[in-house]
Structure formats: C-alpha cells, structure tokens
Amino acid sequence: MPGLLSTSSSLLGRRLGRRSAAFALALLAAALLFTFFRYAAVPSASPSPSPTYGHRLPTLVDLTLVYDRDALCLDGTPPGYHFLPGFGDGSHSWLLHLEGGSWCRNFKSCARRKKTYLGSSAHMDTRVEFVGILSDDESQNPDFYNWNKVKIRYCDGASFSGHVQDEVKNGTGFFFRGQRIWEAVMADLLLKGLSRARQAFLTGCSAGGLSTYIHCDDFRALLPKTPTVKCLADGGFFLDVEDIAGRRYMRAFYNDVARLQDVRKKFPHCSPDMEPGQCFFPREVAKSITTPMFILNPAYDVWQVEHVLSPEGSDPQNLWRNCRMDITKCSSKQLEILQGFRKALLDAINEFKNRRDWGMFIDSCFIHCQSMKAITWHSPSAARINNKTAAEAVGDWFFDRREVKEIDCEYPCNPTCYNAVLDEPYRED
C-alpha cells in the first residue's frame with residue numbers, strides 16, 4: 001500500500017502540480033479505503049472460524065436448581081437444569097436434552113467426579129450457551145429453534161438410573177440418586193408447562209444418549225395427553241464388543257457401574273442369566289422401547305474407539321495412540337479393525353431398522369455427539385448423507401416428512417465429514 005501511494009503521488013505531482021497532487025492523493029486514499037471496507041464487509045463463502053459460524057452469538061441460559069431431599073448429585077448438592085422458554089408457534093412444544101459425560105465405576109473415580117460439574121452443582125456453570133439442537137437461531141436449528149428447550153445437568157455418574165437410598169460411605173459420602181434426579185426434574189418441568197405440551201422431544205448425548213434410551217418410555221408415560229412424543233439418542237449406542245486385546249472392557253466397566261449404583265432393578269426385562277452390565281447396553285435397553293426413537297451415531301465414534309475398542313489397558317505399547325486422536329493417522333491394519341467396529345454397530349442396530357416409526361442417521365465420521373455442536377448439527381461444514389445434515393434428517397423424521405434410515409458408506413467415502421482431531425485423549429470418567 002505505501003509503495004502504491006508514493007508511486008501515484010509522484011506521477012500526479014509531475015502532471016498536476018503540488019496542490020492538484022495533494023487533492024488527487026486524498027481522493028485515491030478515500031477510494032482505496034472505500035474498496036477495503038466494502039469487501040471486508042462481504043461474508044466469506046467458507047465457514048467462519050468462530051463457534052457461531054457466521055451467525056449471532058449463542059444465547060446464555062441460567063441454571064435452575066431443584067430442591068428435593070431425595071434427588072441429589074454425587075456430593076449431596078441439588079441437581080439442576082437450564083430452561084429457555086419457547087416463542088411463536090413453538091411455545092407449546094418442548095425439547096429436553098440430557099447432558100452426557102461418561103460414568104464413574106468405583107468410589108475412587110466417583111470421588112474425583114464429585115469435585116467437578118459432573119458430580120456437584122457447586123461446580124456447574126451458572127450460565128451455559130445453547131447451541132446445536134438447543135439453539136434458538138433458526139439458521140442453526142431450523143426445526144426446533146423456537147421450542148421450549150431444557151438442558152438437564154448430569155451429576156449422578158450412572159445415566160440418571162442409579163437409586164441407592166442410603167448415603168454410601170467409603171471414607172466419604174456419596175449419593176447415587178440418578179433415578180430420583182430424573183423424577184424430580186420432570187416433576188418441576190411438568191409444573192412449568194411441560195404437562196401441556198403439544199409436542200415433546202427427549203434427547204441426549206453420550207451418557208445422556210444412553211439415558212434417553214433408558215427413560216424414553218418413562219417420558220412418554222409422563223405425557224399421556226401429548227399427541228407427539230419422540231426420543232433422540234446422539235452418540236449413545238455403546239457397543240458390547242471385544243477390544244483389540246480380546247477383552248470386553250466396556251462390559252466390565254458397566255458391570256462395576258451397575259453394581260455400585262444398583263441399576264439392574266431399572267431393567268426388569270433383562271434376563272437373570274445376563275451380567276448386570278449387559279443390561280446397561282443400548283442394544284438391550286432398546287428392545288423394550290415402544291416410543292419412536294431416532295439413533296444418531298457416527299460409525300467411527302471417537303470416544304468408543306478410545307474407550308471401547310482400544311482402551312489403554314489393552315494397548316500397553318500405545319500403538320493406537322495416534323489412531324485414537326486422528327483417524328487419518330490409523331494404519332491399514334487399524335482401519336481394517338475400525339471397519340469391523342462399524343460392522344458391529346450396523347449389526348447391533350439392524351433389528352431396529354425394521355421399526356417403521358424409528359429413524360437413524362449413521363454417518364462415517366470420526367466424531368462424538370453431533371447434536372450439541374453447531375458445526376456438526378447444521379452448518380456448511382456439517383456431515384451430510386444424501387445431501388441432508390443431521391438436523392435436517394432428524395427434522396424430517398420428527399415431523400413425518402419422510403422415512404429416515406440413513407446409513408453412510410465406509411470411511412473415507414464421505415467428503416463432507418467433520419472429523420475430530422484431538423489434542424489429548426478423552427477422559428474416561
């Protein structure tokens with residue numbers, strides 16, 4: 001820019017003299033500034049690097065605590081939720097989202113968890129952003145933007161399903177009251193207008209996705225007068241498969257959770273011959289669900305690749321470290337194992353494909369929880385199957401615009417995938 005202006009000044013000075021040159025120089029500078037601001041104001045065709053991707057900033061929603069003497073987080077503090085009222089023609093529709101965040105399997109891991117927002121409302125943010133399926137921006141959440149929306153905080157460590165009445169002590173106190181948290185929060189929301197809902201949608205991500213399978217029919221039973229009640233589990237179809245060392249690590253993990261929090265009584269349909277952890281897997285839970293359900297899952301779930309398929313204890317030489325963090329770093333042998341993992345998922349959900357009122361969107365991305373991120377729910381960078389984002393597919397299914405049974409091809413076939421690249425491994429608990 002300085003070189004261009006000095007050259008222009010020299011030429012104009014020789015032709016028009018000093019006064020004319022100064023005037024012309026001012027005009028040239030003004031023209032350049034006008035051009036700069038004009039084009040700087042034009043939106044880029046590529047996605048914005050900001051979390052809102054060119055849209056307005058997310059709405060911040062306050063935390064509401066629920067005071068019930070039996071409904072308590074791990075540390076004994078009250079549970080809570082964030083409520084954003086609906087507006088317009090969405091004011092009588094409700095969308096509830098169950099927060100995720102793994103589980104705790106023993107007193108040691110639960111003691112660590114008590115010191116975080118996943119075990120205590122004392123550590124929860126008092127305000128959170130509503131994004132993805134909770135967004136009130138129509139461009140980010142076209143079908144549910146103006147609904148009443150609730151984010152239910154997760155602080156019990158067992159997907160809202162544990163129910164140990166007495167305080168458990170092992171050097172310190174623990175409250176395993178997930179079932180009571182579910183009941184107390186639902187009672188509070190029913191009084192706030194949920195009982196008058198014309199449409200209701202229970203959703204959840206990760207451990208909250210598992211909670212959605214567990215509580216879907218409970219949710220339907222709470223709303224006998226609501227014409228349309230459906231459920232969505234995002235990244236919650238955890239698999240009961242052998243890991244790379246031939247162990248069923250996740251089953252052992254769930255066995256510990258189930259015994260610690262006495263969750264088996266939540267699953268009366270479960271065969272007495274089965275281990276308690278087996279009853280906790282979505283494939284078993286879903287068999288008895290009668291409410292319409294949508295399965296949103298990546299075939300290469302980054303959390304499951306790390307904790308179900310290649311947990312650290314089964315990879316002592318850390319040969320899977322790079323692959324766990326970035327799917328493009330997987331060897332051909334590792335990719336072959338990942339394709340087998342995808343097949344195991346498709347086999348597990350196959351029995352649900354025939355349920356006419358169920359839907360599914362199984363993309364071939366390396367990601368976890370797609371409904372709670374603006375970029376993966378509905379943005380220019382969101383994954384598409386048959387040119388539909390997850391948000392569009394879920395909306396089509398919920399409103400009966402078409403049957404949605406979308407199964408993507410094998411990695412790396414889908415160029416629209418937004419694949420995670422981790423800086424560090426996911427925490428297990």
# chains A, B, ... in the order shown; residues from 1 in each chain; ligands from 1

$ residues_around --residues "segment 75-82 of chain A" --least-positions-apart "3" --cutoff "8 Å" --atoms "only C-alpha atoms" --output "ChimeraX atom specification"
/A:61-68,71-72,114,119-122,127-128,150-155,173-175,181,185

$ residues_around --residues "Lys230 of chain A" --least-positions-apart "4" --cutoff "9 Å" --atoms "only C-alpha atoms" --output "PyMOL selection string"
chain A and resi 199-203+216+219-220+291-294+398

$ atom_distance --atom1 "atom CA of Phe281 of chain A" --atom2 "atom CA of Leu98 of chain A"
17.1 Å

$ select_by_dssp --residues "segment 319-421 of chain A" --states "strand (DSSP E or B)" --output "number ranges by chain"
A: 326, 359-363, 385, 388, 405-407, 421

$ write_last_selection --atoms "C-alpha atoms" --output "CSV table (one decimal), in the first residue's frame"
chain,number,residue,atom,x,y,z
A,326,ASP,CA,-6.8,-38.7,14.4
A,359,GLY,CA,-35.2,-43.3,12.4
A,360,MET,CA,-31.4,-43.3,12.1
A,361,PHE,CA,-28.5,-41.3,10.8
A,362,ILE,CA,-25.3,-43.3,10.9
A,363,ASP,CA,-22.5,-41.3,9.2
A,385,ILE,CA,-25.9,-38.2,3.9
A,388,LYS,CA,-29.0,-33.9,4.4
A,405,LYS,CA,-33.0,-44.7,7.7
A,406,GLU,CA,-29.7,-43.1,6.6
A,407,ILE,CA,-26.6,-45.4,6.6
A,421,VAL,CA,-8.5,-34.3,15.7

$ closest_residue --among "A:Gly132, A:Ser206, A:Gln140, A:Arg177" --to "Arg69 of chain A" --atoms "only C-alpha atoms"
A:Arg177

$ residues_around --residues "Thr416 of chain A" --least-positions-apart "6" --cutoff "12 Å" --atoms "only C-alpha atoms" --output "list in words"
Asp363, Ser364, Cys365, Phe366, Ile375, Thr376, Ser379, Pro380, Ser381, Ala382, Ala383, Arg384, Ile385, Asn386, Asn387, Lys388, Thr389, Ala390 and Asp408 of chain A

$ write_last_selection --atoms "C-alpha atoms" --output "PDB file, in the first residue's frame"
ATOM      1  CA  ASP A 363     -22.507 -41.271   9.201  1.00  0.00           C
ATOM      2  CA  SER A 364     -18.936 -42.393   8.574  1.00  0.00           C
ATOM      3  CA  CYS A 365     -17.312 -39.620  10.583  1.00  0.00           C
ATOM      4  CA  PHE A 366     -14.751 -39.697  13.407  1.00  0.00           C
ATOM      5  CA  ILE A 375     -20.611 -27.158  13.279  1.00  0.00           C
ATOM      6  CA  THR A 376     -21.823 -30.794  13.210  1.00  0.00           C
ATOM      7  CA  SER A 379     -23.631 -25.720   9.305  1.00  0.00           C
ATOM      8  CA  PRO A 380     -21.799 -25.524   5.967  1.00  0.00           C
ATOM      9  CA  SER A 381     -19.244 -27.940   7.464  1.00  0.00           C
ATOM     10  CA  ALA A 382     -21.755 -30.464   8.846  1.00  0.00           C
ATOM     11  CA  ALA A 383     -21.663 -34.026   7.543  1.00  0.00           C
ATOM     12  CA  ARG A 384     -24.326 -34.944   5.004  1.00  0.00           C
ATOM     13  CA  ILE A 385     -25.882 -38.184   3.879  1.00  0.00           C
ATOM     14  CA  ASN A 386     -27.910 -37.879   0.668  1.00  0.00           C
ATOM     15  CA  ASN A 387     -27.330 -34.117   0.960  1.00  0.00           C
ATOM     16  CA  LYS A 388     -29.048 -33.901   4.354  1.00  0.00           C
ATOM     17  CA  THR A 389     -27.421 -32.735   7.594  1.00  0.00           C
ATOM     18  CA  ALA A 390     -28.227 -34.496  10.860  1.00  0.00           C
ATOM     19  CA  ASP A 408     -23.423 -43.926   5.274  1.00  0.00           C
TER      20      ASP A 408
END

$ select_by_dssp --residues "segment 88-322 of chain A" --states "alpha helix (DSSP H)" --output "PyMOL selection string"
chain A and resi 107-113+178-191+207-222+249-261+282-285+302-304+321-322
